[in-house]
Amino acid sequence: MNLPTKTPLSDALRLLIGQGVDAIDTPALVLDLDAMKRNLARMAEFAKKHDVRWRPHAKMHKSSALAKLQMQAGAVGVCVQKTAEAEAMVAGGVNNVYISNEVISQAKLARVAALSHMLAADNGQLAIAVDSPEGVTRLAQAMNDRRAATGTPAVIDVFVEIDVGQGRCGVRPGAAAVSLVHEIRKHPALRFAGLQAYQGRAQHLRSPQERREAIGGVVQDVEGTRKLIEAEGIAVELVTGAGTGSFVLEAASGVFGELQAGSFLFMDGDYAKNERDPAQPQFEHALFIKTQVMSADGESADGEHVVCDAGHKSHAIDSGLPAVHSFGSEPELDYFNGGDEHGILRRARPGAELPALGEALWLIPGHCDPTVNLHDTMIAVTGGLRAGKVERIIRVDARGALT
Ligand SMILES: Cc1ncc(COP(=O)(O)O)c(C=O)c1O
């Protein structure tokens with residue numbers, strides 16, 4: 001099978017390595033590598049302490065280089081949502097990938113089967129979620145076709161996704177899940193690997209109490225379903241799920257064996273608005289848009305403003321507009337929508353200073369996942385955003401991997 005190939009980095013990007021942050025032209029997606037590594041270490045320590053596996057979601061960073069860094073820090077592998085993301089990870093050398101999502105089209109399932117065979121031949125592992133008997137039959141057919149074509153055996157791990165309150169994919173907890181497990185077990189090329197229970201809606205509930213209540217319901221659904229499956233004499237080896245907002249609760253439940261949280265690595269603006277559960281490690285913002293003032297002395301009915309060169313082609317706005325990084329002091333500036341290529345900056349409080357023409361600023365995106373997907377590369381810096389230097393260029397090698 002043909003995996004995606006990498007295009008070479010431009011000379012301008014390669015020449016940036018070793019230079020000071022001032023040399024980064026704008027707008028640019030910049031990763032504070034030191035902050036990211038601290039986030040990574042905190043998660044690794046948390047997982048170890050709570051004796052739980054972690055399989056961070058790579059849909060967030062879309063980078064095989066960062067996936068490998070996470071595995072070096074103790075992650076068992078990564079999750080992805082899309083077949084093309086899985087292909088990009090494998091092309092980048094990641095050998096343990098879970099598509100935590102349903103795949104239905106035959107064309108994609110043929111790719112899933114090919115990837116599964118490729119990884120199996122190399123001591124790797126591919127896993128996938130299902131939520132319908134038709135999905136199981138199609139997956140088994142694709143695996144059988146691949147086996148017939150190659151003559152080599154491979155078995156894919158299959159998780160039954162149950163809908164634990166998000167109202168997205170997943171069968172209802174209980175009998176429907178049991179019947180799907182039986183469907184999977186009819187096919188030698190599929191192995192029932194456990195349950196997926198991800199409650200996306202719980203992640204951004206602001207108070208720890210609200211999140212505790214939501215995940216309490218999740219745990220009940222999982223326990224009830226697991227008991228029904230076990231009553232049929234079938235082991236449920238693993239329950240996988242959880243995001244950055246709730247993973248401390250899943251970890252403490254004694255029911256979940258694997259955490260899928262991804263966003264903690266970059267800690268986007270929206271997650272920082274959650275009131276932190278005291279049990280959750282403190283994560284830092286690590287992903288920024290570097291921008292600069294391109295027009296000053298502006299004025300409108302809303303007052304004086306300056307304009308920066310990052311609009312919503314530089315950052316996603318589904319979770320709100322970015323915040324202007326204030327380096328721990330009181331915010332001086334508020335960011336307003338200026339359209340595709342512009343941001344409008346106004347004083348956050350009377351007396352605050354508006355930045356001068358050409359001055360650099362750092363934006364904290366509201367939502368990292370779709371922000372990263374707007375960029376080909378992340379410029380990784382060490383030594384801080386003010387005086388640091390460019391350490392490396394990290395490719396977003398699953399950018400646009402939507403199929
Ligand atoms: C199935 C699944 N698992 C895990 C996550 C990770 O969540 P987060 O990046 O918010 O930690 C997501 C995010 O949408 C998801 O869809």
# chains A, B, ... in the order shown; residues from 1 in each chain; ligands from 1
$ residues_near_ligand --ligand "ligand 1" --cutoff "7 Å" --atoms "only C-alpha atoms and all ligand atoms" --output "compact mmCIF listing (two decimals) with C-alpha atoms, in the first residue's frame"
# COMPACT_ATOMS: atom_id res chain seq x y z
CA HIS A 57 -5.34 11.45 21.02
CA MET A 60 -5.01 17.14 18.35
CA SER A 100 -11.25 5.54 18.02
CA ASN A 101 -14.05 6.07 15.55
CA TYR A 198 -15.93 8.63 25.64
CA GLY A 200 -17.22 14.42 24.94
CA GLN A 203 -15.07 17.61 28.97
CA GLY A 241 -11.96 6.68 26.86
CA ALA A 242 -11.60 10.06 28.64
CA GLY A 243 -10.48 13.51 27.58
CA THR A 244 -8.50 16.34 29.14
CA GLY A 245 -11.52 17.66 31.07
CA GLN A 260 -7.36 8.97 25.56
CA ALA A 261 -6.90 12.60 26.65
CA GLY A 262 -5.03 14.58 24.01
CA SER A 263 -5.42 18.33 24.46
CA PHE A 264 -3.52 18.47 27.77
$ residues_around --residues "stretch 275-290 of chain A" --least-positions-apart "4" --cutoff "7 Å" --atoms "only C-alpha atoms" --output "list in words"
Thr26, Pro27, Ala28, Leu29, Val30, Leu31, Asp32, Ala35, Met36, Asn39, Arg42, Arg206, Ser207, Pro208, Val248, Phe264, Phe266, Met267, Asp268, Ala360, Leu361, Trp362, Leu363, Ile364 and Pro365 of chain A
$ select_by_dssp --residues "stretch 213-284 of chain A" --states "strand (DSSP E)" --output "ChimeraX atom specification"
/A:238-241,258-259
$ closest_residue --among "A:Glu232, A:Gly174, A:Asp340, A:Leu139" --to "A:Pro188" --atoms "only C-alpha atoms"
A:Leu139
$ select_by_dssp --residues "stretch 31-136 of chain A" --states "alpha helix (DSSP H)" --output "PDB file with N, CA, C and O atoms, in the first residue's frame"
ATOM      1  N   LEU A  33       8.212  24.336  23.464  1.00  0.00           N
ATOM      2  CA  LEU A  33       8.619  22.945  23.684  1.00  0.00           C
ATOM      3  C   LEU A  33       8.824  22.642  25.166  1.00  0.00           C
ATOM      4  O   LEU A  33       8.504  21.541  25.640  1.00  0.00           O
ATOM      5  N   ASP A  34       9.341  23.607  25.903  1.00  0.00           N
ATOM      6  CA  ASP A  34       9.580  23.372  27.343  1.00  0.00           C
ATOM      7  C   ASP A  34       8.252  23.155  28.063  1.00  0.00           C
ATOM      8  O   ASP A  34       8.121  22.231  28.870  1.00  0.00           O
ATOM      9  N   ALA A  35       7.269  24.018  27.765  1.00  0.00           N
ATOM     10  CA  ALA A  35       5.955  23.872  28.411  1.00  0.00           C
ATOM     11  C   ALA A  35       5.313  22.553  28.002  1.00  0.00           C
ATOM     12  O   ALA A  35       4.727  21.840  28.829  1.00  0.00           O
ATOM     13  N   MET A  36       5.439  22.219  26.720  1.00  0.00           N
ATOM     14  CA  MET A  36       4.837  20.971  26.240  1.00  0.00           C
ATOM     15  C   MET A  36       5.456  19.759  26.935  1.00  0.00           C
ATOM     16  O   MET A  36       4.761  18.830  27.344  1.00  0.00           O
ATOM     17  N   LYS A  37       6.769  19.799  27.111  1.00  0.00           N
ATOM     18  CA  LYS A  37       7.438  18.660  27.752  1.00  0.00           C
ATOM     19  C   LYS A  37       7.051  18.552  29.225  1.00  0.00           C
ATOM     20  O   LYS A  37       6.945  17.461  29.766  1.00  0.00           O
ATOM     21  N   ARG A  38       6.811  19.689  29.857  1.00  0.00           N
ATOM     22  CA  ARG A  38       6.347  19.633  31.259  1.00  0.00           C
ATOM     23  C   ARG A  38       4.943  19.018  31.304  1.00  0.00           C
ATOM     24  O   ARG A  38       4.651  18.191  32.175  1.00  0.00           O
ATOM     25  N   ASN A  39       4.082  19.395  30.368  1.00  0.00           N
ATOM     26  CA  ASN A  39       2.739  18.797  30.318  1.00  0.00           C
ATOM     27  C   ASN A  39       2.830  17.282  30.122  1.00  0.00           C
ATOM     28  O   ASN A  39       2.108  16.506  30.760  1.00  0.00           O
ATOM     29  N   LEU A  40       3.726  16.909  29.227  1.00  0.00           N
ATOM     30  CA  LEU A  40       3.907  15.485  28.918  1.00  0.00           C
ATOM     31  C   LEU A  40       4.368  14.720  30.167  1.00  0.00           C
ATOM     32  O   LEU A  40       3.833  13.654  30.503  1.00  0.00           O
ATOM     33  N   ALA A  41       5.343  15.285  30.856  1.00  0.00           N
ATOM     34  CA  ALA A  41       5.882  14.617  32.046  1.00  0.00           C
ATOM     35  C   ALA A  41       4.810  14.501  33.134  1.00  0.00           C
ATOM     36  O   ALA A  41       4.726  13.486  33.838  1.00  0.00           O
ATOM     37  N   ARG A  42       3.970  15.529  33.249  1.00  0.00           N
ATOM     38  CA  ARG A  42       2.913  15.493  34.279  1.00  0.00           C
ATOM     39  C   ARG A  42       1.900  14.388  33.965  1.00  0.00           C
ATOM     40  O   ARG A  42       1.414  13.712  34.861  1.00  0.00           O
ATOM     41  N   MET A  43       1.573  14.231  32.697  1.00  0.00           N
ATOM     42  CA  MET A  43       0.627  13.170  32.345  1.00  0.00           C
ATOM     43  C   MET A  43       1.256  11.789  32.555  1.00  0.00           C
ATOM     44  O   MET A  43       0.603  10.868  33.055  1.00  0.00           O
ATOM     45  N   ALA A  44       2.508  11.660  32.171  1.00  0.00           N
ATOM     46  CA  ALA A  44       3.194  10.366  32.339  1.00  0.00           C
ATOM     47  C   ALA A  44       3.227   9.985  33.823  1.00  0.00           C
ATOM     48  O   ALA A  44       2.965   8.830  34.193  1.00  0.00           O
ATOM     49  N   GLU A  45       3.505  10.964  34.643  1.00  0.00           N
ATOM     50  CA  GLU A  45       3.580  10.721  36.094  1.00  0.00           C
ATOM     51  C   GLU A  45       2.192  10.352  36.642  1.00  0.00           C
ATOM     52  O   GLU A  45       2.044   9.432  37.450  1.00  0.00           O
ATOM     53  N   PHE A  46       1.172  11.067  36.169  1.00  0.00           N
ATOM     54  CA  PHE A  46      -0.199  10.797  36.621  1.00  0.00           C
ATOM     55  C   PHE A  46      -0.598   9.358  36.274  1.00  0.00           C
ATOM     56  O   PHE A  46      -1.133   8.619  37.103  1.00  0.00           O
ATOM     57  N   ALA A  47      -0.323   8.961  35.038  1.00  0.00           N
ATOM     58  CA  ALA A  47      -0.727   7.622  34.582  1.00  0.00           C
ATOM     59  C   ALA A  47      -0.007   6.541  35.383  1.00  0.00           C
ATOM     60  O   ALA A  47      -0.596   5.532  35.767  1.00  0.00           O
ATOM     61  N   LYS A  48       1.259   6.789  35.666  1.00  0.00           N
ATOM     62  CA  LYS A  48       2.045   5.819  36.424  1.00  0.00           C
ATOM     63  C   LYS A  48       1.478   5.678  37.832  1.00  0.00           C
ATOM     64  O   LYS A  48       1.250   4.581  38.329  1.00  0.00           O
ATOM     65  N   LYS A  49       1.219   6.832  38.442  1.00  0.00           N
ATOM     66  CA  LYS A  49       0.725   6.849  39.817  1.00  0.00           C
ATOM     67  C   LYS A  49      -0.635   6.140  39.922  1.00  0.00           C
ATOM     68  O   LYS A  49      -0.925   5.474  40.909  1.00  0.00           O
ATOM     69  N   SER A  64       3.299  12.901  13.688  1.00  0.00           N
ATOM     70  CA  SER A  64       3.895  11.614  14.079  1.00  0.00           C
ATOM     71  C   SER A  64       5.101  11.847  14.989  1.00  0.00           C
ATOM     72  O   SER A  64       5.392  11.020  15.862  1.00  0.00           O
ATOM     73  N   ALA A  65       5.794  12.963  14.818  1.00  0.00           N
ATOM     74  CA  ALA A  65       6.963  13.238  15.673  1.00  0.00           C
ATOM     75  C   ALA A  65       6.517  13.382  17.129  1.00  0.00           C
ATOM     76  O   ALA A  65       7.146  12.840  18.050  1.00  0.00           O
ATOM     77  N   LEU A  66       5.418  14.097  17.349  1.00  0.00           N
ATOM     78  CA  LEU A  66       4.942  14.260  18.723  1.00  0.00           C
ATOM     79  C   LEU A  66       4.349  12.957  19.259  1.00  0.00           C
ATOM     80  O   LEU A  66       4.467  12.652  20.448  1.00  0.00           O
ATOM     81  N   ALA A  67       3.729  12.172  18.376  1.00  0.00           N
ATOM     82  CA  ALA A  67       3.209  10.871  18.804  1.00  0.00           C
ATOM     83  C   ALA A  67       4.351  10.002  19.326  1.00  0.00           C
ATOM     84  O   ALA A  67       4.236   9.354  20.376  1.00  0.00           O
ATOM     85  N   LYS A  68       5.469  10.027  18.613  1.00  0.00           N
ATOM     86  CA  LYS A  68       6.616   9.205  19.043  1.00  0.00           C
ATOM     87  C   LYS A  68       7.197   9.711  20.361  1.00  0.00           C
ATOM     88  O   LYS A  68       7.593   8.928  21.221  1.00  0.00           O
ATOM     89  N   LEU A  69       7.185  11.020  20.521  1.00  0.00           N
ATOM     90  CA  LEU A  69       7.664  11.608  21.789  1.00  0.00           C
ATOM     91  C   LEU A  69       6.769  11.137  22.942  1.00  0.00           C
ATOM     92  O   LEU A  69       7.253  10.828  24.036  1.00  0.00           O
ATOM     93  N   GLN A  70       5.466  11.083  22.693  1.00  0.00           N
ATOM     94  CA  GLN A  70       4.532  10.627  23.724  1.00  0.00           C
ATOM     95  C   GLN A  70       4.773   9.154  24.054  1.00  0.00           C
ATOM     96  O   GLN A  70       4.717   8.758  25.221  1.00  0.00           O
ATOM     97  N   MET A  71       5.071   8.360  23.030  1.00  0.00           N
ATOM     98  CA  MET A  71       5.324   6.938  23.291  1.00  0.00           C
ATOM     99  C   MET A  71       6.638   6.745  24.040  1.00  0.00           C
ATOM    100  O   MET A  71       6.744   5.882  24.908  1.00  0.00           O
ATOM    101  N   GLN A  72       7.607   7.590  23.724  1.00  0.00           N
ATOM    102  CA  GLN A  72       8.870   7.512  24.492  1.00  0.00           C
ATOM    103  C   GLN A  72       8.633   7.843  25.956  1.00  0.00           C
ATOM    104  O   GLN A  72       9.321   7.370  26.845  1.00  0.00           O
ATOM    105  N   THR A  83      -8.950   7.349   9.119  1.00  0.00           N
ATOM    106  CA  THR A  83      -8.043   6.389   8.471  1.00  0.00           C
ATOM    107  C   THR A  83      -6.796   7.111   7.955  1.00  0.00           C
ATOM    108  O   THR A  83      -5.673   6.637   8.122  1.00  0.00           O
ATOM    109  N   ALA A  84      -7.007   8.277   7.346  1.00  0.00           N
ATOM    110  CA  ALA A  84      -5.863   9.016   6.790  1.00  0.00           C
ATOM    111  C   ALA A  84      -4.916   9.489   7.896  1.00  0.00           C
ATOM    112  O   ALA A  84      -3.706   9.578   7.685  1.00  0.00           O
ATOM    113  N   GLU A  85      -5.470   9.799   9.068  1.00  0.00           N
ATOM    114  CA  GLU A  85      -4.589  10.158  10.188  1.00  0.00           C
ATOM    115  C   GLU A  85      -3.757   8.934  10.608  1.00  0.00           C
ATOM    116  O   GLU A  85      -2.559   9.052  10.900  1.00  0.00           O
ATOM    117  N   ALA A  86      -4.408   7.775  10.621  1.00  0.00           N
ATOM    118  CA  ALA A  86      -3.676   6.544  10.975  1.00  0.00           C
ATOM    119  C   ALA A  86      -2.546   6.314   9.973  1.00  0.00           C
ATOM    120  O   ALA A  86      -1.408   5.991  10.357  1.00  0.00           O
ATOM    121  N   GLU A  87      -2.846   6.516   8.698  1.00  0.00           N
ATOM    122  CA  GLU A  87      -1.816   6.307   7.662  1.00  0.00           C
ATOM    123  C   GLU A  87      -0.648   7.275   7.858  1.00  0.00           C
ATOM    124  O   GLU A  87       0.517   6.887   7.725  1.00  0.00           O
ATOM    125  N   ALA A  88      -0.967   8.527   8.195  1.00  0.00           N
ATOM    126  CA  ALA A  88       0.110   9.509   8.392  1.00  0.00           C
ATOM    127  C   ALA A  88       0.968   9.122   9.602  1.00  0.00           C
ATOM    128  O   ALA A  88       2.196   9.280   9.577  1.00  0.00           O
ATOM    129  N   MET A  89       0.326   8.625  10.659  1.00  0.00           N
ATOM    130  CA  MET A  89       1.090   8.211  11.847  1.00  0.00           C
ATOM    131  C   MET A  89       2.031   7.059  11.489  1.00  0.00           C
ATOM    132  O   MET A  89       3.212   7.061  11.842  1.00  0.00           O
ATOM    133  N   VAL A  90       1.476   6.060  10.789  1.00  0.00           N
ATOM    134  CA  VAL A  90       2.279   4.877  10.447  1.00  0.00           C
ATOM    135  C   VAL A  90       3.418   5.280   9.500  1.00  0.00           C
ATOM    136  O   VAL A  90       4.565   4.850   9.679  1.00  0.00           O
ATOM    137  N   ALA A  91       3.123   6.147   8.553  1.00  0.00           N
ATOM    138  CA  ALA A  91       4.169   6.619   7.634  1.00  0.00           C
ATOM    139  C   ALA A  91       5.291   7.314   8.406  1.00  0.00           C
ATOM    140  O   ALA A  91       6.458   7.265   8.029  1.00  0.00           O
ATOM    141  N   GLN A 106     -16.435   1.173   2.173  1.00  0.00           N
ATOM    142  CA  GLN A 106     -15.599   0.024   1.804  1.00  0.00           C
ATOM    143  C   GLN A 106     -14.202   0.457   1.354  1.00  0.00           C
ATOM    144  O   GLN A 106     -13.217  -0.219   1.641  1.00  0.00           O
ATOM    145  N   ALA A 107     -14.152   1.615   0.674  1.00  0.00           N
ATOM    146  CA  ALA A 107     -12.848   2.090   0.187  1.00  0.00           C
ATOM    147  C   ALA A 107     -11.916   2.347   1.391  1.00  0.00           C
ATOM    148  O   ALA A 107     -10.742   1.981   1.373  1.00  0.00           O
ATOM    149  N   LYS A 108     -12.463   2.966   2.425  1.00  0.00           N
ATOM    150  CA  LYS A 108     -11.613   3.238   3.600  1.00  0.00           C
ATOM    151  C   LYS A 108     -11.293   1.946   4.349  1.00  0.00           C
ATOM    152  O   LYS A 108     -10.182   1.762   4.841  1.00  0.00           O
ATOM    153  N   LEU A 109     -12.282   1.047   4.430  1.00  0.00           N
ATOM    154  CA  LEU A 109     -12.023  -0.202   5.165  1.00  0.00           C
ATOM    155  C   LEU A 109     -10.923  -1.021   4.489  1.00  0.00           C
ATOM    156  O   LEU A 109     -10.154  -1.711   5.169  1.00  0.00           O
ATOM    157  N   ALA A 110     -10.835  -0.909   3.167  1.00  0.00           N
ATOM    158  CA  ALA A 110      -9.742  -1.601   2.465  1.00  0.00           C
ATOM    159  C   ALA A 110      -8.402  -1.020   2.931  1.00  0.00           C
ATOM    160  O   ALA A 110      -7.416  -1.745   3.118  1.00  0.00           O
ATOM    161  N   ARG A 111      -8.372   0.301   3.138  1.00  0.00           N
ATOM    162  CA  ARG A 111      -7.128   0.942   3.630  1.00  0.00           C
ATOM    163  C   ARG A 111      -6.846   0.533   5.072  1.00  0.00           C
ATOM    164  O   ARG A 111      -5.702   0.315   5.465  1.00  0.00           O
ATOM    165  N   VAL A 112      -7.918   0.447   5.867  1.00  0.00           N
ATOM    166  CA  VAL A 112      -7.751   0.020   7.272  1.00  0.00           C
ATOM    167  C   VAL A 112      -7.149  -1.388   7.303  1.00  0.00           C
ATOM    168  O   VAL A 112      -6.198  -1.663   8.047  1.00  0.00           O
ATOM    169  N   ALA A 113      -7.702  -2.271   6.465  1.00  0.00           N
ATOM    170  CA  ALA A 113      -7.217  -3.656   6.446  1.00  0.00           C
ATOM    171  C   ALA A 113      -5.755  -3.701   5.991  1.00  0.00           C
ATOM    172  O   ALA A 113      -4.931  -4.428   6.559  1.00  0.00           O
ATOM    173  N   ALA A 114      -5.430  -2.892   4.985  1.00  0.00           N
ATOM    174  CA  ALA A 114      -4.045  -2.878   4.491  1.00  0.00           C
ATOM    175  C   ALA A 114      -3.093  -2.402   5.584  1.00  0.00           C
ATOM    176  O   ALA A 114      -2.015  -2.971   5.796  1.00  0.00           O
ATOM    177  N   LEU A 115      -3.530  -1.373   6.307  1.00  0.00           N
ATOM    178  CA  LEU A 115      -2.692  -0.829   7.383  1.00  0.00           C
ATOM    179  C   LEU A 115      -2.531  -1.850   8.507  1.00  0.00           C
ATOM    180  O   LEU A 115      -1.442  -2.015   9.073  1.00  0.00           O
ATOM    181  N   SER A 116      -3.615  -2.532   8.813  1.00  0.00           N
ATOM    182  CA  SER A 116      -3.572  -3.544   9.864  1.00  0.00           C
ATOM    183  C   SER A 116      -2.579  -4.653   9.497  1.00  0.00           C
ATOM    184  O   SER A 116      -1.769  -5.091  10.317  1.00  0.00           O
ATOM    185  N   HIS A 117      -2.612  -5.086   8.239  1.00  0.00           N
ATOM    186  CA  HIS A 117      -1.677  -6.124   7.785  1.00  0.00           C
ATOM    187  C   HIS A 117      -0.244  -5.614   7.825  1.00  0.00           C
ATOM    188  O   HIS A 117       0.668  -6.337   8.231  1.00  0.00           O
ATOM    189  N   MET A 118      -0.072  -4.359   7.410  1.00  0.00           N
ATOM    190  CA  MET A 118       1.279  -3.785   7.401  1.00  0.00           C
ATOM    191  C   MET A 118       1.854  -3.730   8.823  1.00  0.00           C
ATOM    192  O   MET A 118       2.993  -4.124   9.063  1.00  0.00           O
ATOM    193  N   LEU A 119       1.041  -3.294   9.759  1.00  0.00           N
ATOM    194  CA  LEU A 119       1.523  -3.191  11.141  1.00  0.00           C
ATOM    195  C   LEU A 119       1.751  -4.569  11.753  1.00  0.00           C
ATOM    196  O   LEU A 119       2.725  -4.789  12.473  1.00  0.00           O
ATOM    197  N   ALA A 120       0.835  -5.501  11.462  1.00  0.00           N
ATOM    198  CA  ALA A 120       0.971  -6.846  12.034  1.00  0.00           C
ATOM    199  C   ALA A 120       2.288  -7.484  11.581  1.00  0.00           C
ATOM    200  O   ALA A 120       2.940  -8.199  12.344  1.00  0.00           O
ATOM    201  N   PRO A 133     -23.710  -3.725  13.547  1.00  0.00           N
ATOM    202  CA  PRO A 133     -23.428  -5.043  12.959  1.00  0.00           C
ATOM    203  C   PRO A 133     -22.920  -4.901  11.519  1.00  0.00           C
ATOM    204  O   PRO A 133     -22.009  -5.619  11.100  1.00  0.00           O
ATOM    205  N   GLU A 134     -23.476  -3.946  10.776  1.00  0.00           N
ATOM    206  CA  GLU A 134     -23.038  -3.734   9.390  1.00  0.00           C
ATOM    207  C   GLU A 134     -21.560  -3.318   9.361  1.00  0.00           C
ATOM    208  O   GLU A 134     -20.786  -3.780   8.520  1.00  0.00           O
ATOM    209  N   GLY A 135     -21.188  -2.466  10.301  1.00  0.00           N
ATOM    210  CA  GLY A 135     -19.788  -2.032  10.395  1.00  0.00           C
ATOM    211  C   GLY A 135     -18.872  -3.225  10.654  1.00  0.00           C
ATOM    212  O   GLY A 135     -17.766  -3.309  10.099  1.00  0.00           O
ATOM    213  N   VAL A 136     -19.323  -4.146  11.503  1.00  0.00           N
ATOM    214  CA  VAL A 136     -18.519  -5.339  11.821  1.00  0.00           C
ATOM    215  C   VAL A 136     -18.370  -6.214  10.578  1.00  0.00           C
ATOM    216  O   VAL A 136     -17.269  -6.658  10.231  1.00  0.00           O
TER     217      VAL A 136
END
$ atom_distance --atom1 "atom CA of A:Gly74" --atom2 "atom CA of A:Leu3"
26.0 Å
$ residues_around --residues "A:Ala175" --least-positions-apart "5" --cutoff "10 Å" --atoms "only C-alpha atoms" --output "ChimeraX atom specification"
/A:180-181,224-225,228-229
$ closest_residue --among "A:Glu102, A:Ser319, A:Leu259, A:Ala348" --to "A:Pro331" --atoms "only C-alpha atoms"
A:Ala348
$ residues_around --residues "A:Gly216" --least-positions-apart "3" --cutoff "12 Å" --atoms "only C-alpha atoms" --output "list in words"
Val164, Gly165, Gln199, Ala202, Pro208, Gln209, Glu210, Arg211, Arg212, Glu213, Val219, Gln220, Asp221, Val222, Glu223, Ser246, Leu249, Glu250, Ala252, Ser253, Gly254 and Val255 of chain A
$ atom_distance --atom1 "atom CA of A:Glu258" --atom2 "atom CA of A:Asp51"
9.5 Å
$ decode --residues "stretch 320-326 of chain A" --atoms "all heavy atoms" --output "short mmCIF file (atom, residue, chain, number, x, y, z; two decimals), in the first residue's frame"
data_model
loop_
_atom_site.label_atom_id
_atom_site.label_comp_id
_atom_site.auth_asym_id
_atom_site.auth_seq_id
_atom_site.Cartn_x
_atom_site.Cartn_y
_atom_site.Cartn_z
N GLY A 320 -14.38 29.99 20.47
CA GLY A 320 -14.14 31.39 20.85
C GLY A 320 -12.87 31.93 20.24
O GLY A 320 -12.03 31.19 19.72
N LEU A 321 -12.74 33.24 20.30
CA LEU A 321 -11.56 33.90 19.74
C LEU A 321 -10.36 33.68 20.65
O LEU A 321 -10.52 33.38 21.83
CB LEU A 321 -11.86 35.40 19.59
CG LEU A 321 -12.97 35.70 18.57
CD1 LEU A 321 -13.42 37.15 18.67
CD2 LEU A 321 -12.50 35.38 17.16
N PRO A 322 -9.16 33.81 20.11
CA PRO A 322 -7.98 33.58 20.95
C PRO A 322 -7.82 34.65 22.03
O PRO A 322 -8.36 35.75 21.91
CB PRO A 322 -6.82 33.65 19.96
CG PRO A 322 -7.34 34.38 18.78
CD PRO A 322 -8.81 34.18 18.73
N ALA A 323 -7.06 34.29 23.06
CA ALA A 323 -6.69 35.27 24.08
C ALA A 323 -5.30 35.78 23.75
O ALA A 323 -4.50 35.08 23.13
CB ALA A 323 -6.69 34.61 25.45
N VAL A 324 -5.00 37.00 24.17
CA VAL A 324 -3.65 37.53 23.96
C VAL A 324 -2.83 37.15 25.20
O VAL A 324 -3.22 37.46 26.33
CB VAL A 324 -3.67 39.07 23.79
CG1 VAL A 324 -2.26 39.60 23.52
CG2 VAL A 324 -4.62 39.46 22.65
N HIS A 325 -1.74 36.44 24.98
CA HIS A 325 -0.91 35.96 26.09
C HIS A 325 -0.36 37.15 26.89
O HIS A 325 0.23 38.07 26.30
CB HIS A 325 0.23 35.13 25.50
CG HIS A 325 1.03 34.37 26.51
ND1 HIS A 325 0.54 33.94 27.71
CD2 HIS A 325 2.32 33.94 26.47
CE1 HIS A 325 1.46 33.29 28.37
NE2 HIS A 325 2.56 33.28 27.64
N SER A 326 -0.54 37.08 28.21
CA SER A 326 -0.08 38.22 29.03
C SER A 326 1.06 37.81 29.96
O SER A 326 1.40 38.54 30.88
CB SER A 326 -1.25 38.79 29.83
OG SER A 326 -1.78 37.79 30.66
#
